[in-house]
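Student: mmCIF, C-alpha atoms and all ligand atoms, saved as entry04.cif, coming up:
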data_target
loop_
_atom_site.group_PDB
_atom_site.id
_atom_site.type_symbol
_atom_site.label_atom_id
_atom_site.label_comp_id
_atom_site.auth_asym_id
_atom_site.auth_seq_id
_atom_site.Cartn_x
_atom_site.Cartn_y
_atom_site.Cartn_z
ATOM 1 C CA PRO J 1 134.464 -63.983 176.610
ATOM 2 C CA THR J 2 134.459 -63.070 172.907
ATOM 3 C CA ILE J 3 132.613 -66.325 172.289
ATOM 4 C CA TRP J 4 130.698 -67.052 175.483
ATOM 5 C CA GLY J 5 130.509 -63.644 177.150
ATOM 6 C CA GLY J 6 132.142 -64.564 180.450
ATOM 7 C CA PRO J 7 134.072 -67.170 182.382
ATOM 8 C CA GLY J 8 132.588 -70.654 182.709
ATOM 9 C CA GLU J 9 133.209 -73.664 184.888
ATOM 10 C CA PRO J 10 136.740 -75.092 184.711
ATOM 11 C CA LEU J 11 137.005 -77.940 182.213
ATOM 12 C CA ALA J 12 139.765 -80.552 182.531
ATOM 13 C CA VAL J 13 140.527 -80.615 178.803
ATOM 14 C CA ARG J 14 143.942 -82.279 179.098
ATOM 15 C CA GLN J 15 142.757 -85.101 181.335
ATOM 16 C CA SER J 16 139.646 -85.617 179.305
ATOM 17 C CA LEU J 17 141.576 -85.879 176.034
ATOM 18 C CA GLU J 18 144.259 -88.105 177.528
ATOM 19 C CA ASP J 19 141.574 -90.477 178.798
ATOM 20 C CA ARG J 20 140.015 -90.704 175.358
ATOM 21 C CA LEU J 21 143.191 -90.811 173.271
ATOM 22 C CA GLY J 22 145.556 -92.736 175.511
ATOM 23 C CA LEU J 23 148.285 -90.283 174.518
ATOM 24 C CA PRO J 24 150.073 -87.511 176.406
ATOM 25 C CA VAL J 25 148.286 -84.201 175.743
ATOM 26 C CA VAL J 26 149.564 -80.672 176.256
ATOM 27 C CA VAL J 27 147.087 -77.842 176.632
ATOM 28 C CA VAL J 28 148.351 -74.433 175.683
ATOM 29 C CA ASN J 29 146.614 -71.082 175.272
ATOM 30 C CA ASP J 30 146.126 -70.184 171.599
ATOM 31 C CA LEU J 31 148.203 -67.003 171.784
ATOM 32 C CA THR J 32 150.944 -68.613 173.846
ATOM 33 C CA ALA J 33 151.238 -71.223 171.106
ATOM 34 C CA ALA J 34 151.121 -68.521 168.437
ATOM 35 C CA ALA J 35 153.949 -66.623 170.124
ATOM 36 C CA TRP J 36 156.169 -69.690 169.833
ATOM 37 C CA ARG J 37 155.836 -69.548 166.061
ATOM 38 C CA TYR J 38 158.083 -66.506 166.171
ATOM 39 C CA VAL J 39 160.731 -68.102 168.374
ATOM 40 C CA HIS J 40 163.428 -69.165 165.932
ATOM 41 C CA GLY J 41 166.000 -70.299 168.461
ATOM 42 C CA PRO J 42 167.205 -69.914 172.022
ATOM 43 C CA ASP J 43 168.581 -66.423 171.310
ATOM 44 C CA GLU J 44 165.319 -64.992 169.985
ATOM 45 C CA PRO J 45 165.086 -61.372 171.244
ATOM 46 C CA PRO J 46 162.045 -60.531 173.402
ATOM 47 C CA PHE J 47 158.821 -59.576 171.642
ATOM 48 C CA CYS J 48 155.138 -59.039 172.238
ATOM 49 C CA LEU J 49 152.623 -60.762 169.983
ATOM 50 C CA ILE J 50 149.353 -58.880 169.633
ATOM 51 C CA THR J 51 146.275 -60.238 167.911
ATOM 52 C CA VAL J 52 143.670 -57.870 166.574
ATOM 53 C CA SER J 53 140.619 -59.811 165.461
ATOM 54 C CA SER J 54 137.149 -60.036 167.014
ATOM 55 C CA GLY J 55 138.955 -59.244 170.281
ATOM 56 C CA ILE J 56 142.501 -58.240 171.214
ATOM 57 C CA GLY J 57 145.005 -60.511 172.910
ATOM 58 C CA SER J 58 148.700 -60.309 173.689
ATOM 59 C CA LYS J 59 151.576 -62.397 174.919
ATOM 60 C CA VAL J 60 155.125 -61.395 175.795
ATOM 61 C CA TYR J 61 157.953 -63.809 174.991
ATOM 62 C CA ARG J 62 161.287 -63.401 176.726
ATOM 63 C CA ALA J 63 164.251 -65.686 177.296
ATOM 64 C CA GLY J 64 162.643 -69.029 176.509
ATOM 65 C CA GLU J 65 159.221 -68.431 177.974
ATOM 66 C CA VAL J 66 155.930 -66.666 177.500
ATOM 67 C CA LEU J 67 155.494 -64.452 180.547
ATOM 68 C CA LEU J 68 152.533 -65.496 182.673
ATOM 69 C CA ASP J 69 152.024 -65.827 186.384
ATOM 70 C CA ALA J 70 151.464 -69.212 187.987
ATOM 71 C CA GLU J 71 147.688 -68.905 187.664
ATOM 72 C CA GLY J 72 147.894 -67.883 184.041
ATOM 73 C CA HIS J 73 147.406 -64.148 184.379
ATOM 74 C CA GLY J 74 149.015 -62.052 181.689
ATOM 75 C CA GLY J 75 148.526 -61.521 178.000
ATOM 76 C CA GLU J 76 145.059 -60.046 178.309
ATOM 77 C CA LEU J 77 145.781 -56.526 177.105
ATOM 78 C CA GLY J 78 142.393 -56.635 175.399
ATOM 79 C CA HIS J 79 140.704 -56.340 178.777
ATOM 80 C CA TRP J 80 142.766 -53.365 179.896
ATOM 81 C CA PRO J 81 140.273 -50.577 180.706
ATOM 82 C CA CYS J 82 141.852 -47.861 178.579
ATOM 83 C CA ASP J 83 138.774 -45.613 178.430
ATOM 84 C CA PRO J 84 137.499 -44.912 181.951
ATOM 85 C CA SER J 85 134.548 -42.759 180.841
ATOM 86 C CA PRO J 86 131.126 -44.061 182.016
ATOM 87 C CA GLY J 87 129.775 -44.197 178.441
ATOM 88 C CA ALA J 88 132.762 -46.056 176.987
ATOM 89 C CA PRO J 89 131.950 -48.937 174.603
ATOM 90 C CA ARG J 90 131.247 -52.317 176.152
ATOM 91 C CA CYS J 91 133.652 -55.211 175.803
ATOM 92 C CA ASP J 92 132.424 -58.749 175.026
ATOM 93 C CA CYS J 93 133.384 -59.688 178.608
ATOM 94 C CA GLY J 94 130.808 -57.224 179.924
ATOM 95 C CA GLY J 95 133.303 -54.617 181.088
ATOM 96 C CA ARG J 96 133.386 -51.072 179.767
ATOM 97 C CA GLY J 97 136.157 -49.224 177.968
ATOM 98 C CA HIS J 98 138.359 -52.290 177.498
ATOM 99 C CA LEU J 99 140.912 -52.086 174.716
ATOM 100 C CA GLY J 100 139.364 -55.051 172.916
ATOM 101 C CA GLY J 101 135.930 -53.462 172.926
ATOM 102 C CA ILE J 102 137.378 -50.321 171.353
ATOM 103 C CA ALA J 103 140.199 -51.258 168.972
ATOM 104 C CA SER J 104 139.497 -54.861 167.876
ATOM 105 C CA GLY J 105 137.961 -55.572 164.490
ATOM 106 C CA ARG J 106 134.564 -55.647 166.159
ATOM 107 C CA GLY J 107 135.376 -52.478 168.130
ATOM 108 C CA THR J 108 136.521 -50.647 165.008
ATOM 109 C CA LEU J 109 133.325 -51.653 163.209
ATOM 110 C CA ALA J 110 131.291 -50.286 166.122
ATOM 111 C CA ALA J 111 133.346 -47.066 165.930
ATOM 112 C CA ALA J 112 132.519 -46.822 162.212
ATOM 113 C CA ARG J 113 128.797 -47.120 162.978
ATOM 114 C CA ARG J 114 129.022 -44.444 165.675
ATOM 115 C CA ALA J 115 130.908 -42.182 163.259
ATOM 116 C CA ALA J 116 128.250 -42.790 160.614
ATOM 117 C CA HIS J 117 125.447 -41.808 162.985
ATOM 118 C CA ALA J 118 127.399 -38.717 164.071
ATOM 119 C CA ASP J 119 128.160 -37.640 160.488
ATOM 120 C CA PRO J 120 125.544 -39.135 158.135
ATOM 121 C CA LEU J 121 126.553 -36.937 155.199
ATOM 122 C CA GLY J 122 130.247 -37.789 155.490
ATOM 123 C CA TYR J 123 129.360 -41.461 155.749
ATOM 124 C CA ALA J 124 127.051 -41.305 152.730
ATOM 125 C CA ARG J 125 129.849 -39.782 150.650
ATOM 126 C CA SER J 126 132.426 -42.352 151.779
ATOM 127 C CA ALA J 127 133.336 -45.722 150.282
ATOM 128 C CA LEU J 128 131.498 -47.250 153.243
ATOM 129 C CA GLY J 129 128.246 -45.448 152.452
ATOM 130 C CA ALA J 130 128.480 -46.683 148.867
ATOM 131 C CA VAL J 131 128.547 -50.365 149.871
ATOM 132 C CA ALA J 132 126.374 -50.151 153.012
ATOM 133 C CA PRO J 133 123.982 -47.190 152.915
ATOM 134 C CA ASP J 134 122.625 -48.393 156.265
ATOM 135 C CA PRO J 135 125.643 -48.272 158.640
ATOM 136 C CA ASP J 136 124.123 -50.975 160.816
ATOM 137 C CA ARG J 137 124.601 -53.349 157.874
ATOM 138 C CA LEU J 138 128.257 -52.407 157.427
ATOM 139 C CA ASP J 139 130.631 -55.351 157.911
ATOM 140 C CA ASN J 140 134.347 -55.799 158.504
ATOM 141 C CA PRO J 141 135.276 -56.842 154.936
ATOM 142 C CA ALA J 142 133.784 -53.584 153.605
ATOM 143 C CA LEU J 143 135.516 -51.579 156.325
ATOM 144 C CA VAL J 144 138.850 -53.275 155.603
ATOM 145 C CA ALA J 145 138.480 -52.718 151.837
ATOM 146 C CA ALA J 146 137.702 -49.022 152.377
ATOM 147 C CA ILE J 147 140.725 -48.537 154.654
ATOM 148 C CA ARG J 148 142.982 -50.329 152.177
ATOM 149 C CA SER J 149 141.721 -48.155 149.330
ATOM 150 C CA GLY J 150 142.553 -45.008 151.313
ATOM 151 C CA ASP J 151 138.978 -43.878 151.945
ATOM 152 C CA PRO J 152 139.301 -40.859 154.287
ATOM 153 C CA PHE J 153 136.190 -41.641 156.366
ATOM 154 C CA ALA J 154 137.179 -45.269 157.014
ATOM 155 C CA THR J 155 140.792 -44.250 157.658
ATOM 156 C CA GLY J 156 139.570 -41.664 160.138
ATOM 157 C CA VAL J 157 137.603 -44.339 161.978
ATOM 158 C CA LEU J 158 140.692 -46.532 162.305
ATOM 159 C CA ARG J 159 142.750 -43.519 163.391
ATOM 160 C CA SER J 160 140.186 -42.819 166.113
ATOM 161 C CA VAL J 161 140.751 -46.206 167.808
ATOM 162 C CA LEU J 162 144.492 -46.662 167.200
ATOM 163 C CA PRO J 163 145.574 -44.251 169.978
ATOM 164 C CA TYR J 164 144.246 -46.788 172.484
ATOM 165 C CA LEU J 165 146.249 -49.639 170.992
ATOM 166 C CA ALA J 166 149.309 -47.401 170.688
ATOM 167 C CA SER J 167 148.949 -46.450 174.370
ATOM 168 C CA ALA J 168 148.808 -50.131 175.291
ATOM 169 C CA ILE J 169 151.999 -50.818 173.334
ATOM 170 C CA ILE J 170 153.719 -47.816 174.886
ATOM 171 C CA SER J 171 152.737 -48.961 178.368
ATOM 172 C CA VAL J 172 154.258 -52.406 177.720
ATOM 173 C CA PHE J 173 157.374 -50.765 176.271
ATOM 174 C CA THR J 174 157.805 -48.237 179.062
ATOM 175 C CA SER J 175 157.152 -50.796 181.801
ATOM 176 C CA ILE J 176 159.284 -53.732 180.622
ATOM 177 C CA GLY J 177 161.229 -52.461 177.625
ATOM 178 C CA ILE J 178 159.838 -54.734 174.897
ATOM 179 C CA ARG J 179 160.715 -53.148 171.546
ATOM 180 C CA ARG J 180 159.266 -55.637 169.047
ATOM 181 C CA TYR J 181 155.523 -56.017 168.463
ATOM 182 C CA ILE J 182 154.250 -58.624 166.018
ATOM 183 C CA LEU J 183 150.669 -58.145 164.875
ATOM 184 C CA MET J 184 148.380 -60.966 163.887
ATOM 185 C CA GLY J 185 144.643 -61.530 163.890
ATOM 186 C CA GLY J 186 142.157 -61.358 161.055
ATOM 187 C CA PHE J 187 141.505 -57.639 161.222
ATOM 188 C CA ALA J 188 145.102 -56.369 161.436
ATOM 189 C CA LEU J 189 146.328 -58.846 158.804
ATOM 190 C CA ALA J 190 143.442 -57.992 156.466
ATOM 191 C CA VAL J 191 144.207 -54.260 156.618
ATOM 192 C CA GLY J 192 147.878 -55.225 156.238
ATOM 193 C CA PRO J 193 150.816 -52.810 155.925
ATOM 194 C CA ARG J 194 148.490 -49.822 156.134
ATOM 195 C CA TYR J 195 147.541 -50.940 159.654
ATOM 196 C CA VAL J 196 151.200 -51.012 160.709
ATOM 197 C CA GLN J 197 151.770 -47.625 159.087
ATOM 198 C CA LEU J 198 148.857 -45.931 160.867
ATOM 199 C CA LEU J 199 149.695 -47.556 164.199
ATOM 200 C CA THR J 200 153.349 -46.507 163.864
ATOM 201 C CA GLU J 201 152.272 -42.935 163.097
ATOM 202 C CA GLU J 202 150.280 -43.000 166.333
ATOM 203 C CA LEU J 203 153.255 -44.373 168.278
ATOM 204 C CA GLU J 204 155.409 -41.574 166.875
ATOM 205 C CA ARG J 205 152.807 -38.962 167.721
ATOM 206 C CA LEU J 206 152.531 -40.164 171.316
ATOM 207 C CA GLY J 207 156.238 -40.899 171.657
ATOM 208 C CA CYS J 208 158.093 -43.793 173.266
ATOM 209 C CA PHE J 209 160.314 -42.510 176.059
ATOM 210 C CA GLY J 210 163.954 -43.022 175.150
ATOM 211 C CA LEU J 211 163.362 -44.083 171.513
ATOM 212 C CA ASP J 212 163.971 -41.904 168.451
ATOM 213 C CA SER J 213 161.785 -42.024 165.328
ATOM 214 C CA ASP J 214 163.900 -44.736 163.730
ATOM 215 C CA GLY J 215 163.523 -46.894 166.801
ATOM 216 C CA ILE J 216 159.762 -46.372 166.879
ATOM 217 C CA ARG J 217 159.415 -47.179 163.183
ATOM 218 C CA ARG J 218 161.047 -50.564 163.758
ATOM 219 C CA MET J 219 158.705 -51.576 166.601
ATOM 220 C CA VAL J 220 155.665 -52.983 164.816
ATOM 221 C CA THR J 221 155.652 -55.667 162.130
ATOM 222 C CA LEU J 222 152.996 -57.957 160.655
ATOM 223 C CA GLY J 223 152.916 -61.667 161.426
ATOM 224 C CA ALA J 224 152.593 -64.303 158.737
ATOM 225 C CA PRO J 225 149.460 -63.790 156.600
ATOM 226 C CA ASP J 226 147.821 -67.129 157.380
ATOM 227 C CA ASP J 227 145.875 -68.849 160.121
ATOM 228 C CA ASP J 228 148.528 -71.365 161.173
ATOM 229 C CA HIS J 229 150.099 -69.500 164.097
ATOM 230 C CA GLY J 230 148.864 -71.769 166.870
ATOM 231 C CA LEU J 231 149.593 -75.013 165.026
ATOM 232 C CA ILE J 232 153.137 -74.114 164.004
ATOM 233 C CA GLY J 233 153.808 -72.471 167.369
ATOM 234 C CA ALA J 234 152.611 -75.484 169.359
ATOM 235 C CA GLY J 235 155.034 -77.614 167.328
ATOM 236 C CA ARG J 236 157.918 -75.229 168.039
ATOM 237 C CA LEU J 237 156.998 -75.121 171.730
ATOM 238 C CA LEU J 238 157.073 -78.921 172.004
ATOM 239 C CA ALA J 239 160.322 -79.102 170.004
ATOM 240 C CA ALA J 240 161.915 -76.493 172.274
ATOM 241 C CA ARG J 241 160.827 -78.405 175.358
ATOM 242 C CA GLY J 242 162.009 -81.732 173.952
ATOM 243 C CA ALA J 243 160.367 -84.752 175.481
ATOM 244 C CA GLY J 244 159.948 -83.022 178.839
ATOM 245 C CA LEU J 245 156.244 -82.491 178.439
ATOM 246 C CA GLY J 246 155.900 -81.858 182.152
ATOM 247 C CA ALA J 247 157.711 -78.532 181.692
ATOM 248 C CA VAL J 248 155.202 -77.172 179.208
ATOM 249 C CA PRO J 249 153.035 -74.410 180.633
ATOM 250 C CA ALA J 250 149.461 -75.492 181.183
ATOM 251 C CA VAL J 251 147.855 -72.225 180.081
HETATM 252 ZN ZN ZN J 301 136.930 -57.100 178.411
#
Would you write out, as structure tokens, the structure that this file holds?
Tutor:
Amino acid sequence: PTIWGGPGEPLAVRQSLEDRLGLPVVVVNDLTAAAWRYVHGPDEPPFCLITVSSGIGSKVYRAGEVLLDAEGHGGELGHWPCDPSPGAPRCDCGGRGHLGGIASGRGTLAAARRAAHADPLGYARSALGAVAPDPDRLDNPALVAAIRSGDPFATGVLRSVLPYLASAIISVFTSIGIRRYILMGGFALAVGPRYVQLLTEELERLGCFGLDSDGIRRMVTLGAPDDDHGLIGAGRLLAARGAGLGAVPAV
């Protein structure tokens, strides 16, 4: 939906590619593949991979598989309606108050624009106002640079959306006990360690039932700072499955 706005007609990608290439083809969801990048062996402890880019996505890995139901449901934390208020921001899928519409890179940029319109003077004095006097012309690179440089206005914007992401993480933790969260995605990786720090502060503020501060501080880490997650992960997935391509999940 981030690209096309909604679901389309089913497309038989695997069959179509096999017909053209004459080779066996495996189709795997981009985040499922990315999760496999972080599986270093059969004893890899469970984790949740979360991507924060133009949208938000997630996948949980546990005991040799990425957890999905037979029809492929799961791993769509970005479309969790975390803000039920009627005026909540719209998600790219058309829904309202979805996590991805609020806390993704795009969502955070929209939050910055709303903050600018609500506090024009504060915005004008901030690092954001200096590079984009018109908030509607503000872009993500400027927002990321301002957060990284410690600009209070930009940091406040990020802090305003992180409680939603922290709540999502806490709900996964409290429901199924996953304690490791690996962040990837252009926005989170661009903000870098500061993103992990602010998110962890929010997790500590909200609390994770049964975990002390040390435990909470170990929950979130950054993924590799590149764009190779899916490629490397798809390789690991195939290696882990050996030649038994039939066993590879289709979504
Ligand atoms: Zn949505």
Student: Let me know the residues the PyMOL selection byres (((chain J and resi 30) around 10) and not hetatm) catches in the file above, as an mmCIF file with C-alpha atoms, in the frame of the given file.
Tutor:
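Full text of expr-v6.cif as output:
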data_model
loop_
_atom_site.group_PDB
_atom_site.id
_atom_site.type_symbol
_atom_site.label_atom_id
_atom_site.label_comp_id
_atom_site.auth_asym_id
_atom_site.auth_seq_id
_atom_site.Cartn_x
_atom_site.Cartn_y
_atom_site.Cartn_z
ATOM 1 C CA VAL J 27 147.087 -77.842 176.632
ATOM 2 C CA VAL J 28 148.351 -74.433 175.683
ATOM 3 C CA ASN J 29 146.614 -71.082 175.272
ATOM 4 C CA LEU J 31 148.203 -67.003 171.784
ATOM 5 C CA THR J 32 150.944 -68.613 173.846
ATOM 6 C CA ALA J 33 151.238 -71.223 171.106
ATOM 7 C CA ALA J 34 151.121 -68.521 168.437
ATOM 8 C CA ALA J 35 153.949 -66.623 170.124
ATOM 9 C CA GLY J 57 145.005 -60.511 172.910
ATOM 10 C CA HIS J 229 150.099 -69.500 164.097
ATOM 11 C CA GLY J 230 148.864 -71.769 166.870
ATOM 12 C CA LEU J 231 149.593 -75.013 165.026
ATOM 13 C CA GLY J 233 153.808 -72.471 167.369
ATOM 14 C CA ALA J 234 152.611 -75.484 169.359
ATOM 15 C CA VAL J 251 147.855 -72.225 180.081
#
Student: Quick one: pull the distance between atom CA of J:Gln15 and atom CA of J:Leu67, Å, one decimal.
Tutor: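 These two atoms are separated by 24.3 Å.
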Student: Using only C-alpha atoms and all ligand atoms, find each protein or nucleic acid residue lying at most 12 Å from ligand ZN 301 (chain J); present the set as an MDAnalysis selection string.
Tutor: chainID J and resid 1:3 5:7 54:57 76:83 88:104 107
Student: Go ahead and compute the interatomic distance for atom CA of J:Thr200 and atom CA of J:Pro141, in Å to one decimal.
Tutor: 22.7 Å
Student: Enumerate, as number ranges by chain, the residues matched when the PyMOL selection byres (((chain J and resi 191-193) around 12) and not hetatm) is run on the file above.
Tutor: J: 52-53, 105, 108, 140-150, 154-155, 158, 183-190, 194-200, 220-226
Student: Which residue gives the smallest distance to J:Asp119 among J:Gly215, J:Phe153, J:Thr174, J:Ala239, with only C-alpha atoms counted?
Tutor: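 Going through J:Gly215, J:Phe153, J:Thr174, J:Ala239 one by one, the smallest distance to J:Asp119 is for J:Phe153.
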Student: Please report the interatomic distance between atom CA of J:Ser58 and atom CA of J:Asp214 in Å with one decimal.
Tutor: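 Taking atom CA of J:Ser58 and atom CA of J:Asp214, their separation equals 23.9 Å.
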Student: Pick the closest to J:Tyr38 from J:Asp228, J:Glu204, J:Asp139, J:Glu9: which is it, counting all atoms listed in the file?
Tutor: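 With all atoms listed in the file as the atom set, the closest residue is J:Asp228.
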Student: Smallest atom-to-atom distance to J:Pro42: which of J:Leu162, J:Leu237, J:Val157, J:Ala130, using all atoms listed in the file?
Tutor: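 Smallest distance to J:Pro42 is found for J:Leu237.
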Student: May I ask which of the residues J:His117, J:Arg20, J:His40, J:Arg14 is the closest one to J:Ile232, counting all atoms listed in the file?
Tutor: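 For J:Ile232, the nearest of the given residues is J:His40.
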Student: If you count all atoms listed in the file, which residues fall within 12 Å of J:Pro135, apart from same-chain ones fewer than 6 positions away, as a ChimeraX atom specification?
Tutor: /J:109-124,126-129,142-143
Student: Which residue gives the smallest distance to J:Ser160 among J:Ile182, J:Glu202, J:Pro10, J:Ala132, with only C-alpha atoms counted?
Tutor: J:Glu202
Student: Just so the selection is clear, what residues does the PyMOL selection byres (((chain J and resi 208) around 10) and not hetatm) cover here, as a PyMOL selection string?
Tutor: chain J and resi 166-167+169-171+173-174+179+203-207+209-213+215-216
Student: Which residues are close to stretch 60-64 of chain J, i.e. within 7 Å by all atoms listed in the file, leaving aside same-chain residues fewer than 5 positions away? Reply as a list in words.
Tutor: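 Listing them by chain and then by number gives Ala35, Pro42, Pro45, Pro46, Phe47, Cys48, Leu49 and Gly75 of chain J.
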